[in-house]
file start15.txt (compact mmCIF, C-alpha atoms)
# COMPACT_ATOMS: atom_id res chain seq x y z
CA MET A 25 -11.68 -41.84 -4.64
CA THR A 26 -13.35 -38.46 -4.89
CA THR A 27 -11.75 -37.19 -1.69
CA LYS A 28 -8.36 -38.24 -2.94
CA ASN A 29 -8.93 -36.37 -6.21
CA ARG A 30 -10.01 -33.28 -4.35
CA GLU A 31 -6.98 -33.53 -2.12
CA SER A 32 -4.55 -33.66 -5.02
CA GLU A 33 -6.45 -30.86 -6.71
CA ASN A 34 -6.10 -28.71 -3.59
CA LYS A 35 -2.42 -29.50 -3.37
CA GLU A 36 -1.92 -28.54 -7.00
CA GLN A 37 -3.69 -25.23 -6.48
CA GLU A 38 -1.55 -24.58 -3.44
CA ASN A 39 1.62 -25.30 -5.38
CA ARG A 40 0.59 -22.80 -8.01
CA LEU A 41 0.15 -20.13 -5.32
CA LEU A 42 3.24 -20.80 -3.26
CA LEU A 43 6.91 -21.16 -4.01
CA PRO A 44 9.46 -22.73 -1.65
CA PHE A 45 11.80 -20.23 0.02
CA PHE A 46 14.67 -22.67 -0.32
CA PRO A 47 16.22 -22.98 -2.81
CA HIS A 48 14.03 -21.16 -5.37
CA TYR A 49 13.51 -17.80 -3.70
CA LEU A 50 16.89 -17.68 -1.98
CA LEU A 51 18.79 -18.54 -5.16
CA ASP A 52 17.09 -15.68 -6.98
CA GLU A 53 18.04 -13.37 -4.13
CA VAL A 54 21.68 -14.54 -4.12
CA ILE A 55 21.94 -13.84 -7.87
CA ALA A 56 20.83 -10.26 -7.18
CA TRP A 57 23.48 -10.01 -4.44
CA TYR A 58 26.14 -11.25 -6.81
CA VAL A 59 25.20 -8.60 -9.38
CA MET A 60 25.28 -5.98 -6.60
CA LEU A 61 28.76 -7.12 -5.57
CA GLY A 62 29.95 -6.66 -9.15
CA VAL A 63 28.38 -3.20 -9.38
CA ILE A 64 29.91 -2.02 -6.10
CA VAL A 65 33.42 -3.25 -6.96
CA VAL A 66 33.24 -1.54 -10.39
CA LEU A 67 31.96 1.71 -8.82
CA ALA A 68 34.65 1.65 -6.12
CA SER A 69 37.37 0.99 -8.71
CA LEU A 70 36.28 3.67 -11.19
CA PHE A 71 35.32 6.28 -8.58
CA PRO A 72 37.44 5.65 -5.45
CA ALA A 73 36.60 7.50 -2.24
CA GLY A 74 38.26 10.92 -2.15
CA LEU A 75 40.01 12.78 0.62
CA GLU A 76 40.28 16.55 1.00
CA GLU A 77 42.76 18.59 3.00
CA GLN A 78 43.10 17.72 6.68
CA ALA A 79 40.38 19.27 8.86
CA ASP A 80 41.14 22.83 9.96
CA PRO A 81 38.65 24.37 12.43
CA PHE A 82 39.98 27.87 11.65
CA GLN A 83 39.48 27.72 7.90
CA THR A 84 35.84 27.56 6.79
CA PRO A 85 35.53 26.33 3.18
CA ALA A 86 33.37 28.29 0.72
CA HIS A 87 30.73 25.61 0.13
CA ILE A 88 29.67 23.56 3.13
CA LYS A 89 27.15 20.82 2.61
CA PRO A 90 26.00 17.83 4.63
CA GLU A 91 25.78 14.39 2.99
CA TRP A 92 23.20 14.07 0.23
CA TYR A 93 20.67 12.25 2.43
CA PHE A 94 20.53 15.22 4.83
CA LEU A 95 20.39 17.85 2.07
CA ALA A 96 16.56 17.93 1.97
CA VAL A 97 16.35 18.76 5.70
CA TYR A 98 19.28 21.20 5.39
CA GLN A 99 17.63 23.08 2.52
CA GLU A 100 14.23 23.08 4.23
CA LEU A 101 15.88 24.63 7.31
CA LYS A 102 17.17 27.46 5.15
CA ILE A 103 13.77 28.44 3.74
CA VAL A 104 11.46 28.15 6.78
CA PRO A 105 11.81 29.44 10.37
CA ARG A 106 14.29 27.36 12.38
CA THR A 107 11.88 25.83 14.88
CA ILE A 108 9.38 24.76 12.22
CA GLY A 109 12.26 23.61 10.04
CA VAL A 110 13.60 21.20 12.61
CA LEU A 111 10.23 20.00 13.95
CA THR A 112 8.77 19.16 10.51
CA PRO A 113 11.17 16.28 9.72
CA MET A 114 10.87 14.96 13.28
CA LEU A 115 7.08 14.93 12.99
CA GLY A 116 7.43 13.35 9.55
CA ILE A 117 9.51 10.47 10.93
CA LEU A 118 7.02 9.97 13.75
CA LEU A 119 4.11 9.83 11.27
CA LEU A 120 6.07 7.41 9.07
CA LEU A 121 6.67 5.20 12.10
CA VAL A 122 2.99 4.92 13.01
CA LEU A 123 1.74 4.90 9.40
CA PRO A 124 0.13 1.41 9.68
CA PHE A 125 -2.03 2.70 12.53
CA ILE A 126 -3.07 5.91 10.74
CA ASP A 127 -3.82 4.38 7.35
CA ARG A 128 -6.91 2.25 8.00
CA ASN A 129 -7.73 1.67 4.33
CA PRO A 130 -7.69 -2.14 3.87
CA HIS A 131 -6.94 -2.03 0.13
CA LYS A 132 -3.48 -2.91 -1.12
CA THR A 133 -3.41 -1.81 -4.75
CA TRP A 134 -2.38 1.84 -5.22
CA ARG A 135 -5.42 2.50 -7.42
CA ARG A 136 -7.71 2.14 -4.42
CA ARG A 137 -5.54 4.16 -2.01
CA PRO A 138 -5.70 7.66 -3.53
CA ILE A 139 -5.05 9.56 -0.27
CA ALA A 140 -2.10 7.49 0.98
CA VAL A 141 -0.41 7.24 -2.41
CA GLY A 142 -1.15 10.90 -3.21
CA LEU A 143 0.44 12.06 0.05
CA GLY A 144 3.34 9.68 -0.50
CA VAL A 145 4.02 11.13 -3.95
CA ILE A 146 3.85 14.71 -2.59
CA VAL A 147 6.35 13.92 0.19
CA LEU A 148 8.67 12.11 -2.22
CA VAL A 149 8.59 14.92 -4.81
CA ALA A 150 9.19 17.52 -2.07
CA ALA A 151 12.17 15.55 -0.74
CA ILE A 152 13.68 15.20 -4.22
CA VAL A 153 13.13 18.89 -5.05
CA LEU A 154 14.69 20.00 -1.74
CA THR A 155 17.64 17.65 -2.22
CA VAL A 156 18.37 18.91 -5.75
CA TRP A 157 17.85 22.50 -4.62
CA GLY A 158 20.23 22.02 -1.70
CA TRP A 159 22.74 20.34 -4.01
CA ARG A 160 22.81 23.22 -6.48
CA SER A 161 22.72 26.12 -4.02
CA MET B 27 19.85 -47.75 -0.76
CA GLN B 28 23.41 -49.05 -0.48
CA GLN B 29 24.75 -45.78 -1.79
CA LYS B 30 22.98 -43.89 0.95
CA ASP B 31 24.59 -46.09 3.60
CA VAL B 32 28.05 -45.35 2.26
CA PHE B 33 27.14 -41.69 2.16
CA TYR B 34 26.06 -41.72 5.80
CA ARG B 35 29.32 -43.29 6.90
CA THR B 36 31.35 -40.27 5.72
CA TRP B 37 32.62 -38.27 8.66
CA PRO B 38 30.90 -34.89 7.91
CA LEU B 39 27.56 -36.67 7.82
CA ARG B 40 28.34 -38.61 10.97
CA PHE B 41 29.25 -35.37 12.72
CA TRP B 42 26.02 -33.84 11.48
CA ASN B 43 24.05 -36.79 12.83
CA TRP B 44 25.91 -36.52 16.14
CA LEU B 45 24.91 -32.85 16.39
CA ASP B 46 21.41 -33.49 15.11
CA LYS B 47 20.72 -36.11 17.79
CA ARG B 48 21.66 -33.60 20.47
CA TYR B 49 20.20 -30.37 19.15
CA ALA B 50 17.45 -31.42 16.71
CA LEU B 51 19.12 -29.41 13.95
CA GLN B 52 17.09 -31.02 11.19
CA GLU B 53 13.91 -29.73 12.78
CA PHE B 54 15.43 -26.31 13.32
CA LEU B 55 16.56 -26.04 9.70
CA HIS B 56 13.14 -27.14 8.49
CA ALA B 57 11.45 -24.46 10.56
CA LEU B 58 13.94 -21.89 9.29
CA VAL B 59 13.86 -22.72 5.60
CA ASP B 60 10.45 -24.27 4.89
CA VAL B 61 8.68 -20.99 4.23
CA PRO B 62 6.28 -20.88 1.33
CA ILE B 63 6.47 -17.69 -0.73
CA PRO B 64 3.33 -16.49 -2.52
CA ARG B 65 4.11 -16.52 -6.24
CA SER B 66 2.52 -13.08 -6.65
CA ALA B 67 4.88 -11.59 -4.03
CA ASN B 68 7.33 -9.22 -5.67
CA THR B 69 10.05 -7.78 -3.47
CA LEU B 70 12.26 -6.53 -6.34
CA TYR B 71 15.25 -7.81 -4.28
CA LEU B 72 15.39 -4.45 -2.47
CA GLY B 73 15.29 -5.60 1.16
CA GLY B 74 17.64 -8.49 0.42
CA ILE B 75 20.16 -6.20 -1.27
CA THR B 76 19.99 -3.81 1.71
CA LEU B 77 20.84 -6.74 3.99
CA PHE B 78 23.66 -7.82 1.67
CA LEU B 79 25.10 -4.28 1.70
CA PHE B 80 25.01 -4.30 5.50
CA GLY B 81 27.13 -7.47 5.35
CA ILE B 82 29.58 -5.73 2.98
CA GLN B 83 29.74 -2.74 5.33
CA ALA B 84 30.43 -5.00 8.31
CA ILE B 85 33.28 -6.81 6.57
CA THR B 86 34.93 -3.73 5.00
CA GLY B 87 34.36 -1.77 8.22
CA ILE B 88 36.16 -4.38 10.31
CA LEU B 89 39.04 -4.33 7.82
CA LEU B 90 39.25 -0.52 7.97
CA SER B 91 39.23 -0.56 11.78
CA ILE B 92 42.51 -2.52 11.69
CA TYR B 93 44.37 0.58 10.43
CA TYR B 94 42.14 3.52 11.35
CA GLN B 95 43.11 5.66 14.37
CA PRO B 96 40.27 7.72 15.89
CA THR B 97 42.17 10.80 17.11
CA PRO B 98 42.42 14.23 15.44
CA GLU B 99 46.23 13.88 15.26
CA ASN B 100 46.25 10.47 13.61
CA ALA B 101 42.90 9.97 11.83
CA TYR B 102 43.75 11.80 8.60
CA GLY B 103 47.18 10.19 8.40
CA SER B 104 45.76 6.70 8.96
CA ILE B 105 43.30 7.24 6.08
CA LEU B 106 46.19 8.35 3.84
CA PHE B 107 48.06 5.22 4.91
CA ILE B 108 45.03 3.02 4.08
CA MET B 109 44.66 4.68 0.66
CA ASN B 110 48.34 4.68 -0.34
CA ASP B 111 50.24 1.98 1.52
CA VAL B 112 47.90 -0.79 2.65
CA ARG B 113 47.48 -3.37 -0.10
CA PHE B 114 43.97 -2.94 -1.57
CA GLY B 115 43.24 -0.49 1.24
CA TRP B 116 41.94 2.03 -1.31
CA LEU B 117 39.50 -0.60 -2.61
CA ILE B 118 38.22 -1.56 0.83
CA ARG B 119 37.67 2.09 1.81
CA SER B 120 36.03 2.91 -1.54
CA ILE B 121 33.70 -0.09 -1.27
CA HIS B 122 32.81 1.04 2.27
CA ALA B 123 32.04 4.57 1.02
CA TRP B 124 29.95 3.35 -1.93
CA GLY B 125 28.27 0.70 0.21
CA ALA B 126 27.15 3.38 2.67
CA ASN B 127 25.42 5.43 -0.01
CA LEU B 128 23.95 2.38 -1.76
CA MET B 129 22.64 0.98 1.53
CA ILE B 130 20.71 4.19 2.19
CA ILE B 131 19.39 4.26 -1.38
CA PHE B 132 18.25 0.62 -1.24
CA CYS B 133 16.77 1.11 2.22
CA ILE B 134 14.64 3.97 0.87
CA LEU B 135 13.69 2.02 -2.28
CA HIS B 136 12.69 -0.94 -0.08
CA LEU B 137 10.52 1.39 2.03
CA LEU B 138 8.87 2.78 -1.13
CA ARG B 139 8.16 -0.73 -2.46
CA VAL B 140 6.53 -1.75 0.82
CA PHE B 141 4.54 1.49 0.80
CA VAL B 142 3.30 1.15 -2.79
CA GLN B 143 2.33 -2.52 -2.30
CA GLY B 144 0.54 -1.70 0.96
CA ALA B 145 2.63 -4.40 2.66
CA TYR B 146 2.81 -2.42 5.92
CA LYS B 147 -0.88 -3.00 6.62
CA PRO B 148 -2.12 -5.38 9.33
CA PRO B 149 -0.80 -7.82 10.39
CA ARG B 150 2.62 -6.33 9.49
CA GLU B 151 2.56 -3.06 11.50
CA LEU B 152 5.53 -3.94 13.73
CA THR B 153 7.66 -5.14 10.81
CA TRP B 154 7.13 -1.70 9.24
CA MET B 155 8.04 0.11 12.48
CA ALA B 156 11.22 -1.93 12.86
CA GLY B 157 12.01 -1.07 9.23
CA VAL B 158 11.61 2.69 9.78
CA LEU B 159 13.90 2.44 12.83
CA LEU B 160 16.41 0.52 10.70
CA LEU B 161 16.42 3.40 8.20
CA MET B 162 17.09 5.84 11.07
CA LEU B 163 20.01 3.71 12.30
CA THR B 164 21.37 3.52 8.75
CA LEU B 165 21.27 7.33 8.52
CA GLY B 166 23.02 7.42 11.91
CA PHE B 167 25.76 5.22 10.44
CA GLY B 168 26.14 7.66 7.57
CA PHE B 169 26.27 10.70 9.84
CA THR B 170 28.81 9.28 12.29
CA GLY B 171 30.95 7.64 9.60
CA TYR B 172 31.27 10.80 7.56
CA LEU B 173 33.35 12.54 10.23
CA LEU B 174 35.92 9.77 10.66
CA PRO B 175 38.33 10.68 7.78
CA TRP B 176 38.80 14.04 9.55
CA ASP B 177 39.26 16.04 6.33
CA GLN B 178 37.76 19.46 5.61
CA ARG B 179 34.60 17.98 4.06
CA ALA B 180 34.07 15.66 7.04
CA PHE B 181 34.66 18.36 9.64
CA TRP B 182 32.40 20.99 8.10
CA ALA B 183 29.63 18.61 7.06
CA THR B 184 29.47 17.47 10.67
CA THR B 185 29.52 21.10 11.81
CA VAL B 186 26.43 22.02 9.79
CA GLY B 187 24.81 18.62 10.42
CA SER B 188 25.02 18.89 14.18
CA GLU B 189 23.87 22.52 14.00
CA ILE B 190 20.50 21.15 12.84
CA ALA B 191 20.16 19.42 16.23
CA GLY B 192 20.87 22.80 17.89
CA ALA B 193 17.68 24.18 16.33
CA ILE B 194 15.40 21.86 18.31
CA PRO B 195 13.34 23.99 20.72
CA LEU B 196 14.17 23.79 24.47
CA VAL B 197 16.64 20.89 24.28
CA GLY B 198 18.57 22.14 21.23
CA GLN B 199 21.75 23.23 23.01
CA ALA B 200 21.74 20.07 25.14
CA ALA B 201 21.34 17.91 22.03
CA LEU B 202 24.18 19.77 20.30
CA ASN B 203 26.48 19.30 23.31
CA PHE B 204 25.51 15.64 23.49
CA LEU B 205 26.36 15.10 19.82
CA ARG B 206 29.64 16.98 19.88
CA GLY B 207 30.74 16.23 23.43
CA GLY B 208 30.88 19.98 24.06
CA PRO B 209 30.09 23.16 22.13
CA GLU B 210 32.77 22.55 19.48
CA ILE B 211 33.86 19.63 17.30
CA THR B 212 36.95 18.26 19.02
CA ALA B 213 38.76 15.01 19.80
CA LEU B 214 35.77 14.16 22.04
CA THR B 215 33.42 14.39 19.05
CA LEU B 216 35.63 12.13 16.97
CA SER B 217 35.92 9.44 19.63
CA ARG B 218 32.19 9.38 20.41
CA PHE B 219 31.31 9.29 16.70
CA PHE B 220 33.79 6.44 16.27
CA GLY B 221 32.39 4.52 19.24
CA THR B 222 28.82 5.00 18.02
CA HIS B 223 29.79 4.00 14.48
CA VAL B 224 31.64 0.78 15.34
CA LEU B 225 29.91 -0.39 18.55
CA VAL B 226 26.50 1.11 19.31
CA LEU B 227 24.99 1.22 15.82
CA PRO B 228 26.23 -2.19 14.58
CA VAL B 229 24.82 -3.98 17.63
CA GLY B 230 21.57 -2.02 17.42
CA LEU B 231 21.18 -2.59 13.70
CA ALA B 232 22.01 -6.31 13.91
CA LEU B 233 19.45 -6.83 16.67
CA LEU B 234 16.75 -4.91 14.82
CA VAL B 235 17.48 -6.73 11.55
CA ALA B 236 17.10 -10.03 13.41
CA ILE B 237 13.74 -8.91 14.82
CA HIS B 238 12.67 -7.58 11.38
CA LEU B 239 13.53 -10.91 9.71
CA VAL B 240 11.94 -13.09 12.40
CA MET B 241 8.70 -11.13 11.94
CA VAL B 242 8.88 -11.61 8.15
CA HIS B 243 9.63 -15.32 8.69
CA GLN B 244 6.66 -15.83 11.00
CA GLN B 245 4.15 -14.08 8.71
CA GLY B 246 5.53 -14.92 5.27
CA LEU B 247 5.90 -12.37 2.50
CA ALA B 248 3.00 -10.04 1.82
CA ASP B 249 0.91 -10.80 -1.23
CA PRO B 250 0.39 -7.49 -3.04
CA THR B 251 -2.57 -8.71 -5.10
CA GLU B 252 -6.02 -7.55 -4.11
CA PRO B 253 -7.93 -10.27 -2.21
CA THR B 254 -10.74 -12.30 -3.70
CA GLY B 255 -11.24 -13.83 -0.28
CA SER B 256 -8.64 -12.73 2.21
CA PRO B 257 -5.06 -13.20 1.01
CA ASP B 258 -3.72 -13.53 4.53
CA ASP B 259 -6.05 -16.44 5.24
CA LEU B 260 -4.88 -18.10 2.04
CA LEU B 261 -1.23 -17.64 3.02
CA GLN B 262 -1.93 -19.05 6.47
CA GLU B 263 -3.52 -22.16 4.97
CA GLY B 264 -0.63 -22.58 2.59
CA ALA B 265 1.93 -22.34 5.36
CA GLU B 266 0.12 -24.91 7.48
CA GLY B 267 -0.30 -27.23 4.52
CA SER B 268 3.39 -27.23 3.73
CA ARG B 269 4.35 -27.82 7.34
CA VAL B 270 2.12 -30.92 7.43
CA GLY B 271 3.61 -32.02 4.11
CA GLY B 272 7.11 -31.44 5.39
CA SER B 273 6.57 -33.67 8.42
CA ASP B 274 5.86 -36.64 6.11
CA ASP B 275 9.60 -37.04 5.61
CA HIS B 276 10.26 -37.95 9.22

call {"tool": "encode", "arguments": {"input": "start15.txt", "output": "structure tokens"}}
result
Amino acid sequence: MTTKNRESENKEQENRLLLPFFPHYLLDEVIAWYVMLGVIVVLASLFPAGLEEQADPFQTPAHIKPEWYFLAVYQELKIVPRTIGVLTPMLGILLLLVLPFIDRNPHKTWRRRPIAVGLGVIVLVAAIVLTVWGWRS
Amino acid sequence: MQQKDVFYRTWPLRFWNWLDKRYALQEFLHALVDVPIPRSANTLYLGGITLFLFGIQAITGILLSIYYQPTPENAYGSILFIMNDVRFGWLIRSIHAWGANLMIIFCILHLLRVFVQGAYKPPRELTWMAGVLLLMLTLGFGFTGYLLPWDQRAFWATTVGSEIAGAIPLVGQAALNFLRGGPEITALTLSRFFGTHVLVLPVGLALLVAIHLVMVHQQGLADPTEPTGSPDDLLQEGAEGSRVGGSDDH
């Protein structure tokens, strides 16, 4: 009797902690996808992709910029010496790749990871500032 | 259970049973889908939306490839044709362009979420590394795709973009030549960017996504709450429990 009670109690506790992937979690996810589909069709309809003049290698336009996601690196290259400018992002990607092996702090909440989260915020702010700077220059 | 018998005599079900007997599909589906999710897990839909956008990019990209011609003489004209003459061509190309930007944005947001929740920590190191590589491949998609319309913006953005590679010490010039297929941006550049964009990167990304997802499947979603015991142990127990429970049905 008592073991049976304990068993059902354990099962109940487990159910409170865990949620089935199918259909509960997946349905939630699919709703988000559906919203995204709506957003992307509206964006594409209101702001269709543009097209400039045909490419002409002999006519350099006044303002040349790479795509927005390369603007931070592009701007950083303008303000520091070339070699450092190109090696910094490469080193950054390498550090990002091996982050789980560098960051040995076992805590998960950001309140108990001041160094990791602090560095993360600095890198993020720098990337945003460089992107906006590159955009406007 | 008379109703059930009638149900099982319908031909889709009989075909399913026929397949199931041979390939143990029921078991396979159970293993695929019976994954318990910790209620405290909060993914904010970011990784899922990134995956969905990849699907959109694949479909719209295949449709665009029907009309696009990857040569300097014809590329620009084929884009004009897609935008003006192909029915809904403008919509497909615009969705592809928006999807590219949104995919990069959601990829970065997904990375930030995993970072803030500390979900990259052991035992999920390799999932994180696969994710960072996926971001690099996504950026590669953006870089190679941007040249394909062969308009002024595309040509000169690729010019300055590939110049960055030229700044790498020692191997800079070699890297630049490798990217452009020579010192200048020519027909060779366009065809290698096209090939990379529609063959190399899609296969690479699809494989890495599969690996990324299998790793998530095997470990379950990370629980971002701080452990009272160890949250990973708890998740492990939960997963085992549900698997035992699931086998009761057989």

call {"tool": "interface_residues", "arguments": {"input": "start15.txt", "of": "chain B", "to": "chain A", "cutoff": "7 Å", "atoms": "all atoms listed in the file", "output": "PyMOL selection string"}}
result
chain B and resi 59-65+71+74-75+78+102+117+119-121+123-124+142-144+146-147+151+155+158+176-179+181-184+186-187+190+193-195+250-252+264

call {"tool": "write_last_selection", "arguments": {"input": "start15.txt", "atoms": "C-alpha atoms", "output": "short mmCIF file (atom, residue, chain, number, x, y, z; two decimals), in the frame of the given file"}}
result
data_model
loop_
_atom_site.label_atom_id
_atom_site.label_comp_id
_atom_site.auth_asym_id
_atom_site.auth_seq_id
_atom_site.Cartn_x
_atom_site.Cartn_y
_atom_site.Cartn_z
CA VAL B 59 13.86 -22.72 5.60
CA ASP B 60 10.45 -24.27 4.89
CA VAL B 61 8.68 -20.99 4.23
CA PRO B 62 6.28 -20.88 1.33
CA ILE B 63 6.47 -17.69 -0.73
CA PRO B 64 3.33 -16.49 -2.52
CA ARG B 65 4.11 -16.52 -6.24
CA TYR B 71 15.25 -7.81 -4.28
CA GLY B 74 17.64 -8.49 0.42
CA ILE B 75 20.16 -6.20 -1.27
CA PHE B 78 23.66 -7.82 1.67
CA TYR B 102 43.75 11.80 8.60
CA LEU B 117 39.50 -0.60 -2.61
CA ARG B 119 37.67 2.09 1.81
CA SER B 120 36.03 2.91 -1.54
CA ILE B 121 33.70 -0.09 -1.27
CA ALA B 123 32.04 4.57 1.02
CA TRP B 124 29.95 3.35 -1.93
CA VAL B 142 3.30 1.15 -2.79
CA GLN B 143 2.33 -2.52 -2.30
CA GLY B 144 0.54 -1.70 0.96
CA TYR B 146 2.81 -2.42 5.92
CA LYS B 147 -0.88 -3.00 6.62
CA GLU B 151 2.56 -3.06 11.50
CA MET B 155 8.04 0.11 12.48
CA VAL B 158 11.61 2.69 9.78
CA TRP B 176 38.80 14.04 9.55
CA ASP B 177 39.26 16.04 6.33
CA GLN B 178 37.76 19.46 5.61
CA ARG B 179 34.60 17.98 4.06
CA PHE B 181 34.66 18.36 9.64
CA TRP B 182 32.40 20.99 8.10
CA ALA B 183 29.63 18.61 7.06
CA THR B 184 29.47 17.47 10.67
CA VAL B 186 26.43 22.02 9.79
CA GLY B 187 24.81 18.62 10.42
CA ILE B 190 20.50 21.15 12.84
CA ALA B 193 17.68 24.18 16.33
CA ILE B 194 15.40 21.86 18.31
CA PRO B 195 13.34 23.99 20.72
CA PRO B 250 0.39 -7.49 -3.04
CA THR B 251 -2.57 -8.71 -5.10
CA GLU B 252 -6.02 -7.55 -4.11
CA GLY B 264 -0.63 -22.58 2.59
#

call {"tool": "atom_distance", "arguments": {"input": "start15.txt", "atom1": "CA of Met162 (chain B)", "atom2": "CA of Ser161 (chain A)"}}
result
25.9 Å

call {"tool": "atom_distance", "arguments": {"input": "start15.txt", "atom1": "CA of Ala236 (chain B)", "atom2": "CA of Leu119 (chain A)"}}
result
23.8 Å

call {"tool": "residues_around", "arguments": {"input": "start15.txt", "residues": "Phe80 (chain B)", "least_positions_apart": "2", "cutoff": "12 Å", "atoms": "only C-alpha atoms", "output": "JSON, numbers by chain"}}
result
{"A": [57], "B": [73, 74, 75, 76, 77, 78, 82, 83, 84, 85, 86, 87, 121, 122, 124, 125, 126, 127, 128, 129, 130, 132, 133, 160, 161, 163, 164, 167, 227, 228, 231, 232, 235]}

call {"tool": "atom_distance", "arguments": {"input": "start15.txt", "atom1": "CA of Phe220 (chain B)", "atom2": "CA of Leu174 (chain B)"}}
result
6.9 Å
